[in-house]
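S.K.: my_file.csv is reproduced below (CSV, C-alpha atoms).
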chain,number,residue,atom,x,y,z
A,901,MET,CA,-16.5,-36.7,54.0
A,902,ARG,CA,-13.4,-37.9,52.3
A,903,GLN,CA,-12.1,-35.3,49.8
A,904,ARG,CA,-10.0,-36.2,46.9
A,905,GLY,CA,-8.2,-34.2,44.3
A,906,PHE,CA,-8.0,-34.7,40.5
A,907,THR,CA,-6.4,-37.8,39.3
A,908,LEU,CA,-3.2,-37.6,37.1
A,909,VAL,CA,-5.2,-38.6,34.0
A,910,GLU,CA,-7.7,-35.7,34.6
A,911,VAL,CA,-5.0,-33.2,35.1
A,912,LEU,CA,-3.2,-34.4,32.0
A,913,ALA,CA,-6.3,-34.3,29.9
A,914,ALA,CA,-7.0,-30.7,31.1
A,915,LEU,CA,-3.4,-29.7,30.2
A,916,VAL,CA,-3.7,-31.3,26.7
A,917,ILE,CA,-6.9,-29.4,26.1
A,918,LEU,CA,-5.4,-26.2,27.3
A,919,ALA,CA,-2.3,-26.7,25.2
A,920,ILE,CA,-4.4,-27.3,22.1
A,921,VAL,CA,-6.5,-24.2,22.6
A,922,THR,CA,-3.4,-22.1,23.4
A,923,THR,CA,-1.4,-23.4,20.5
A,924,THR,CA,-4.3,-22.9,18.0
A,925,THR,CA,-4.9,-19.4,19.2
A,926,LEU,CA,-1.3,-18.5,18.9
A,927,ALA,CA,-1.0,-20.1,15.5
A,928,VAL,CA,-4.0,-18.2,14.2
A,929,PHE,CA,-2.5,-15.0,15.5
A,930,VAL,CA,0.9,-15.6,14.0
A,931,GLU,CA,-0.7,-16.6,10.6
A,932,ARG,CA,-2.8,-13.4,10.6
A,933,GLN,CA,0.3,-11.3,11.3
A,934,ARG,CA,2.1,-13.0,8.4
A,935,GLN,CA,-0.8,-12.5,6.0
A,936,LEU,CA,-1.1,-8.8,7.0
A,937,ARG,CA,2.6,-8.3,6.5
A,938,GLU,CA,2.6,-10.0,3.1
A,939,ALA,CA,-0.5,-7.9,2.1
A,940,SER,CA,1.3,-4.7,3.0
A,941,GLU,CA,4.4,-5.8,1.0
A,942,THR,CA,2.3,-6.7,-2.0
A,943,ILE,CA,0.5,-3.4,-1.9
A,944,LEU,CA,3.8,-1.5,-1.9
A,945,ALA,CA,5.2,-3.7,-4.7
A,946,TRP,CA,2.2,-3.2,-6.9
A,947,GLN,CA,2.2,0.6,-6.5
A,948,ALA,CA,5.8,0.6,-7.7
A,949,LEU,CA,5.0,-1.8,-10.6
A,950,ALA,CA,2.1,0.3,-11.7
A,951,ASN,CA,4.1,3.5,-11.7
A,952,GLU,CA,7.0,1.9,-13.5
A,953,VAL,CA,4.6,0.6,-16.2
A,954,GLU,CA,3.4,4.1,-16.8
A,955,TYR,CA,7.0,5.1,-17.3
A,956,ARG,CA,7.8,2.2,-19.6
A,957,ARG,CA,4.7,2.8,-21.7
A,958,ARG,CA,6.1,6.2,-22.6
A,959,ILE,CA,9.5,5.0,-23.8
A,960,ASP,CA,9.8,4.9,-27.6
A,961,PHE,CA,9.4,1.4,-28.9
A,962,ILE,CA,12.8,1.4,-30.6
A,963,ARG,CA,14.5,2.5,-27.3
A,964,LEU,CA,12.9,-0.2,-25.1
A,965,ASP,CA,15.8,-2.5,-25.4
A,966,THR,CA,18.4,0.1,-24.5
A,967,ALA,CA,16.4,1.6,-21.7
A,968,PRO,CA,17.9,1.0,-18.2
A,969,ALA,CA,17.1,-2.4,-16.8
A,970,ALA,CA,16.5,-0.9,-13.4
A,971,PHE,CA,13.4,0.9,-12.2
A,972,ASP,CA,13.2,4.7,-12.4
A,973,PRO,CA,14.6,5.9,-9.1
A,974,GLY,CA,11.4,7.9,-8.5
A,975,ASN,CA,9.4,4.8,-8.5
A,976,THR,CA,11.3,2.8,-5.9
A,977,ALA,CA,11.0,5.2,-2.9
A,978,ILE,CA,7.9,3.4,-1.8
A,979,LEU,CA,9.8,0.1,-1.7
A,980,ALA,CA,12.1,1.1,1.2
A,981,PRO,CA,10.3,-1.1,3.7
A,982,LEU,CA,11.0,-4.1,1.5
A,983,ALA,CA,14.8,-3.6,1.5
A,984,PRO,CA,16.8,-5.4,0.4
A,985,TYR,CA,14.9,-5.9,-2.8
A,986,ALA,CA,15.7,-6.3,-6.5
A,987,ALA,CA,13.7,-4.5,-9.1
A,988,THR,CA,14.4,-5.5,-12.6
A,989,VAL,CA,13.1,-5.0,-16.1
A,990,THR,CA,13.4,-7.6,-18.9
A,991,VAL,CA,12.6,-6.9,-22.5
A,992,THR,CA,12.1,-9.7,-24.9
A,993,THR,CA,11.1,-9.5,-28.6
A,994,PRO,CA,8.9,-12.4,-29.7
A,995,GLN,CA,8.2,-10.7,-33.0
A,996,PRO,CA,10.0,-7.8,-34.7
A,997,ASP,CA,7.2,-5.4,-34.0
A,998,VAL,CA,6.2,-6.8,-30.5
A,999,LYS,CA,8.1,-6.5,-27.3
A,1000,HIS,CA,7.3,-7.9,-23.9
A,1001,VAL,CA,8.4,-5.7,-21.0
A,1002,ALA,CA,8.4,-7.7,-17.8
A,1003,LEU,CA,8.8,-5.9,-14.5
A,1004,THR,CA,9.7,-7.9,-11.4
A,1005,ILE,CA,10.3,-7.0,-7.8
A,1006,ARG,CA,11.9,-9.6,-5.5
A,1007,TRP,CA,12.4,-9.3,-1.8
A,1008,GLN,CA,13.0,-11.4,1.3
A,1009,ASN,CA,16.0,-13.0,-0.5
A,1010,GLY,CA,13.9,-13.9,-3.5
A,1011,LYS,CA,11.3,-15.7,-1.5
A,1012,ARG,CA,8.6,-13.2,-2.4
A,1013,ALA,CA,8.1,-11.6,-5.8
A,1014,ALA,CA,5.6,-9.5,-7.7
A,1015,SER,CA,5.7,-9.0,-11.4
A,1016,LEU,CA,3.8,-7.3,-14.2
A,1017,GLU,CA,4.2,-7.6,-17.9
A,1018,ILE,CA,3.1,-5.3,-20.6
A,1019,ILE,CA,3.1,-5.8,-24.4
A,1020,ARG,CA,4.3,-3.0,-26.6
A,1021,VAL,CA,3.6,-2.9,-30.3
A,1022,GLN,CA,5.5,-1.0,-32.9
A,1023,THR,CA,2.9,1.4,-34.4
A,1024,GLY,CA,5.4,3.4,-36.5
A,1025,GLY,CA,4.9,6.4,-34.3
A,1026,GLY,CA,1.1,6.4,-35.0
A,1027,ASN,CA,-1.3,6.8,-32.2
A,1028,LEU,CA,-3.6,3.9,-31.5
A,1029,PHE,CA,-6.1,5.9,-29.6
B,67,MET,CA,-13.4,-29.8,66.8
B,68,ILE,CA,-11.7,-31.7,64.1
B,69,ARG,CA,-8.7,-29.8,62.5
B,70,ARG,CA,-7.9,-30.9,59.1
B,71,ARG,CA,-4.3,-30.7,58.2
B,72,GLN,CA,-3.8,-28.1,55.5
B,73,ARG,CA,-0.8,-27.9,53.3
B,74,GLY,CA,0.2,-25.5,50.6
B,75,PHE,CA,1.9,-26.1,47.3
B,76,THR,CA,5.3,-27.5,47.3
B,77,LEU,CA,8.3,-25.6,45.9
B,78,MET,CA,8.3,-27.8,42.9
B,79,GLU,CA,4.7,-27.2,42.1
B,80,ILE,CA,5.2,-23.4,42.3
B,81,VAL,CA,8.3,-23.5,40.1
B,82,ILE,CA,6.5,-25.6,37.4
B,83,ALA,CA,3.5,-23.2,37.5
B,84,LEU,CA,5.8,-20.2,37.2
B,85,ALA,CA,7.8,-21.8,34.4
B,86,VAL,CA,4.6,-22.4,32.4
B,87,PHE,CA,3.4,-18.9,32.9
B,88,GLY,CA,6.9,-17.7,32.0
B,89,VAL,CA,6.8,-19.5,28.7
B,90,LEU,CA,3.4,-18.1,27.9
B,91,LEU,CA,4.6,-14.6,28.8
B,92,TYR,CA,7.7,-15.0,26.6
B,93,ILE,CA,5.6,-16.1,23.6
B,94,LEU,CA,3.3,-13.1,24.2
B,95,ALA,CA,6.3,-10.7,24.4
B,96,VAL,CA,7.8,-12.1,21.2
B,97,LEU,CA,4.5,-11.8,19.3
B,98,THR,CA,4.0,-8.2,20.6
B,99,SER,CA,7.5,-7.3,19.7
B,100,GLU,CA,7.0,-8.7,16.2
B,101,MET,CA,3.7,-6.8,15.8
B,102,ASN,CA,5.4,-3.6,16.9
B,103,GLY,CA,8.2,-4.2,14.4
B,104,TYR,CA,5.7,-4.8,11.7
B,105,GLU,CA,3.8,-1.6,12.5
B,106,LYS,CA,7.1,0.4,12.5
B,107,ARG,CA,8.4,-1.1,9.3
B,108,TYR,CA,5.4,-0.8,7.0
B,109,PRO,CA,3.4,2.3,6.2
B,110,ILE,CA,-0.3,2.6,7.0
B,111,ASN,CA,-2.5,1.1,4.3
B,112,PHE,CA,-4.6,4.2,3.6
B,113,MET,CA,-6.2,2.6,0.6
B,114,ALA,CA,-7.9,0.1,2.9
B,115,HIS,CA,-10.2,2.9,3.8
B,116,PRO,CA,-13.0,3.0,1.2
B,117,ASP,CA,-13.3,6.7,1.3
B,118,THR,CA,-9.6,7.2,0.5
B,119,ALA,CA,-9.7,4.6,-2.3
B,120,ALA,CA,-12.8,6.3,-3.7
B,121,THR,CA,-11.2,9.8,-3.5
B,122,VAL,CA,-8.0,8.5,-5.3
B,123,ALA,CA,-10.2,6.8,-8.0
B,124,ARG,CA,-12.1,10.0,-8.5
B,125,LEU,CA,-8.9,12.0,-8.8
B,126,ARG,CA,-7.5,9.4,-11.2
B,127,LYS,CA,-10.6,9.7,-13.4
B,128,ASP,CA,-10.2,13.5,-13.5
B,129,ILE,CA,-6.5,13.3,-14.4
B,130,VAL,CA,-7.0,10.7,-17.1
B,131,ASP,CA,-9.7,12.9,-18.7
B,132,THR,CA,-7.6,16.1,-18.4
B,133,TYR,CA,-6.9,17.7,-21.7
B,134,ASP,CA,-5.3,21.0,-20.6
B,135,TYR,CA,-4.1,22.9,-17.5
B,136,PRO,CA,-5.8,26.2,-16.9
B,137,PRO,CA,-3.8,29.3,-16.1
B,138,SER,CA,-2.8,29.7,-12.4
B,139,PRO,CA,-4.1,31.4,-10.3
B,140,TYR,CA,-7.7,30.4,-11.0
B,141,GLU,CA,-10.4,32.0,-8.8
B,142,GLU,CA,-8.7,32.0,-5.4
B,143,TYR,CA,-6.6,28.9,-6.2
B,144,THR,CA,-2.9,28.9,-7.1
B,145,ARG,CA,-1.3,25.7,-8.5
B,146,GLY,CA,1.1,24.1,-6.1
B,147,ASP,CA,1.9,20.9,-4.3
B,148,ARG,CA,-1.4,21.0,-2.5
B,149,VAL,CA,-3.6,22.5,-5.2
B,150,LEU,CA,-4.3,20.9,-8.6
B,151,LEU,CA,-5.9,22.8,-11.4
B,152,ILE,CA,-7.0,20.9,-14.4
B,153,SER,CA,-9.4,21.3,-17.4
B,154,SER,CA,-11.5,18.2,-17.7
B,155,ILE,CA,-14.3,16.8,-19.8
B,156,ARG,CA,-17.8,16.4,-18.6
B,157,PRO,CA,-20.0,13.5,-19.6
B,158,ASP,CA,-21.8,15.7,-22.2
B,159,GLY,CA,-18.5,16.6,-23.8
B,160,SER,CA,-18.3,20.1,-22.5
B,161,SER,CA,-15.4,21.4,-20.5
B,162,GLU,CA,-15.0,22.2,-16.9
B,163,THR,CA,-12.2,23.5,-14.7
B,164,VAL,CA,-11.6,21.3,-11.7
B,165,VAL,CA,-9.8,22.3,-8.6
B,166,TRP,CA,-8.4,19.6,-6.2
B,167,ASP,CA,-7.5,21.3,-2.9
B,168,PHE,CA,-5.5,19.3,-0.4
B,169,ARG,CA,-4.5,22.2,1.8
B,170,THR,CA,-6.8,21.5,4.8
B,171,PRO,CA,-5.3,18.6,6.8
B,172,GLY,CA,-7.5,15.6,6.7
B,173,GLU,CA,-9.7,17.0,4.0
B,174,VAL,CA,-9.8,16.8,0.2
B,175,HIS,CA,-11.9,19.3,-1.7
B,176,ARG,CA,-13.0,19.0,-5.3
B,177,LYS,CA,-14.6,22.0,-6.9
B,178,ALA,CA,-15.8,22.2,-10.5
B,179,PHE,CA,-16.3,25.4,-12.3
B,180,ILE,CA,-18.0,26.1,-15.7
B,181,VAL,CA,-17.1,29.5,-17.0
B,182,GLY,CA,-16.2,30.7,-13.6
B,183,ASN,CA,-19.4,29.4,-11.9
B,184,LEU,CA,-19.1,26.8,-9.2
B,185,THR,CA,-21.1,23.8,-10.3
B,186,SER,CA,-19.9,21.1,-7.9
B,187,ASP,CA,-18.4,21.3,-4.4
B,188,TRP,CA,-17.4,18.0,-2.9
B,189,VAL,CA,-15.4,17.2,0.2
B,190,ALA,CA,-14.0,14.0,1.6
B,191,ARG,CA,-12.9,13.9,5.3
B,192,GLY,CA,-10.7,11.6,7.2
B,193,MET,CA,-8.1,11.7,4.4
B,194,PRO,CA,-4.4,11.3,4.6
B,195,GLN,CA,-2.3,14.4,3.7
B,196,PHE,CA,-1.8,14.2,0.0
B,197,THR,CA,0.9,16.0,-1.9
B,198,ILE,CA,1.1,16.4,-5.7
B,199,ALA,CA,4.1,16.7,-7.9
B,200,TRP,CA,5.0,16.2,-11.5
B,201,ALA,CA,6.9,13.3,-12.9
B,202,LEU,CA,8.6,13.7,-16.2
B,203,MET,CA,7.9,10.8,-18.5
B,204,PRO,CA,10.4,9.6,-21.1
B,205,ASN,CA,8.3,11.1,-23.9
B,206,GLY,CA,8.5,14.5,-22.3
B,207,GLN,CA,5.0,14.5,-21.0
B,208,ASN,CA,4.3,15.3,-17.4
B,209,ALA,CA,2.4,12.8,-15.3
B,210,LEU,CA,1.0,13.6,-11.9
B,211,ARG,CA,2.5,12.0,-8.9
B,212,LEU,CA,0.2,11.7,-5.9
B,213,THR,CA,1.8,10.8,-2.7
B,214,ALA,CA,0.7,10.5,0.9
B,215,ILE,CA,3.0,10.2,3.9
B,216,ASP,CA,1.8,8.5,7.1
B,217,THR,CA,2.5,9.7,10.6
B,218,LYS,CA,5.9,7.9,10.7
B,219,GLY,CA,7.0,9.8,7.6
B,220,GLN,CA,6.8,6.7,5.3
B,221,ILE,CA,5.4,6.9,1.8
B,222,ALA,CA,2.0,5.1,2.0
B,223,ILE,CA,0.6,6.1,-1.3
B,224,ASP,CA,2.6,6.8,-4.5
B,225,GLU,CA,0.6,6.9,-7.7
B,226,VAL,CA,1.7,8.1,-11.1
B,227,ILE,CA,-1.3,9.2,-13.1
B,228,GLN,CA,-1.1,10.5,-16.7
B,229,PRO,CA,-3.8,12.0,-18.9
B,230,ARG,CA,-4.9,9.7,-21.7
B,231,ALA,CA,-4.5,10.6,-25.3
B,232,HIS,CA,-7.7,12.3,-26.5
What would you get if you wrote out this structure as structure tokens?

M.R.:
Amino acid sequence: MRQRGFTLVEVLAALVILAIVTTTTLAVFVERQRQLREASETILAWQALANEVEYRRRIDFIRLDTAPAAFDPGNTAILAPLAPYAATVTVTTPQPDVKHVALTIRWQNGKRAASLEIIRVQTGGGNLF
Amino acid sequence: MIRRRQRGFTLMEIVIALAVFGVLLYILAVLTSEMNGYEKRYPINFMAHPDTAATVARLRKDIVDTYDYPPSPYEEYTRGDRVLLISSIRPDGSSETVVWDFRTPGEVHRKAFIVGNLTSDWVARGMPQFTIAWALMPNGQNALRLTAIDTKGQIAIDEVIQPRAH
């Protein structure tokens, strides 16, 4: 009985299918790794943001503008894996008795960022609770 | 007897096969290396564990409701970086003394006392090692800082929690 092997077209078709399956699997793997890394970074950034917000809420309204524009050092220790990063605070005054305090953390050369903004209102020292 | 001529692979075929496998192995090695780097660089996400998240949420609720700190020691507990003593408010408005005990590795104990009588004893297992400290806020008030370090020594949980105004 005459035996013959695969034709070139058959071999090429098999290789194409194998390449597609392999590439897709690797792409899914790489994408999942990227998403996990970004999720970890976001979790770290938001913990620092939430802690800094607690700090900024306790600064007197009239001192908000002169408070340091950098995060409290105690709140940035958790950001070490994101280094180099920039953590900044911006205060704007849309109305005399209202201030917006925007906290931003940028990392990966500014490609990624997380930000949180709070609104402070001048209550004249009174307690709103 | 008919002998069929048998021939093996040519050198070129073997070289190409090895090259293809080599490329695949290289990609695998790069991905594994990236994964190891990722694991080394980032702390463990303890909060992904529902029990840990629930424990931190319960602690947060207690801290937010705190209106006073009882004298230390209380019963057999002395306030420290692994023991938290607080006076909190019950749903009916009455007061209770709550002890959060992080001294046992992997466990978190919460005990509540009313006038010295144990009324609630709750334990969570499989927990990270929590440490508590105090963070001074700009208004002079102390906030509680809850941290957890993973096995690589990286800060995995860092939460500042402050009692609310009553």

S.K.: Kindly indicate which residue among A:Pro981, A:Gly974, A:Pro996, A:Gly905 lies nearest to B:Tyr108, using only C-alpha atoms for the distances.

M.R.: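 Using only C-alpha atoms, B:Tyr108 sits closest to A:Pro981.
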
S.K.: Enter the distance from atom CA of B:Val164 to atom CA of B:Gln228, in Å, rounded to one decimal.

M.R.: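 Interatomic distance here is 15.9 Å.
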
S.K.: Between B:Val189, B:Leu151, B:Ala85, B:Ile93, which residue has the minimum interatomic distance to chain A, considering all atoms listed in the file?

M.R.: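 Closest to chain A, using all atoms listed in the file: B:Ile93.
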
S.K.: If you count all atoms listed in the file, which residues fall within 10 Å of A:Leu982, apart from same-chain ones fewer than 2 positions away, as a list in words?

M.R.: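 Those residues are Ser940, Glu941, Thr942, Leu944, Ala945, Ile978, Leu979, Ala980, Pro984, Tyr985, Ala986, Ile1005, Arg1006, Trp1007 and Gln1008 of chain A; Arg107 and Tyr108 of chain B.
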
S.K.: Hey, list the chain A side of the contact with chain B: 9 Å cut-off, all atoms listed in the file, answer as a PyMOL selection string.

M.R.: chain A and resi 926+929-930+933+937+940-941+943-944+947-948+950-952+954-960+974-975+977-982+1027+1029

S.K.: Please list as a list in words every residue within 12 Å of A:Val991, counting all atoms listed in the file and excluding residues in the same chain fewer than 6 positions away.

M.R.: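 Listing them by chain and then by number gives Arg956, Phe961, Ile962, Arg963, Leu964, Asp965, Thr966, Ala967, Pro968, Ala969, Ala970, Val998, Lys999, His1000, Val1001, Ala1002, Leu1003, Thr1004, Glu1017, Ile1018, Ile1019 and Arg1020 of chain A.
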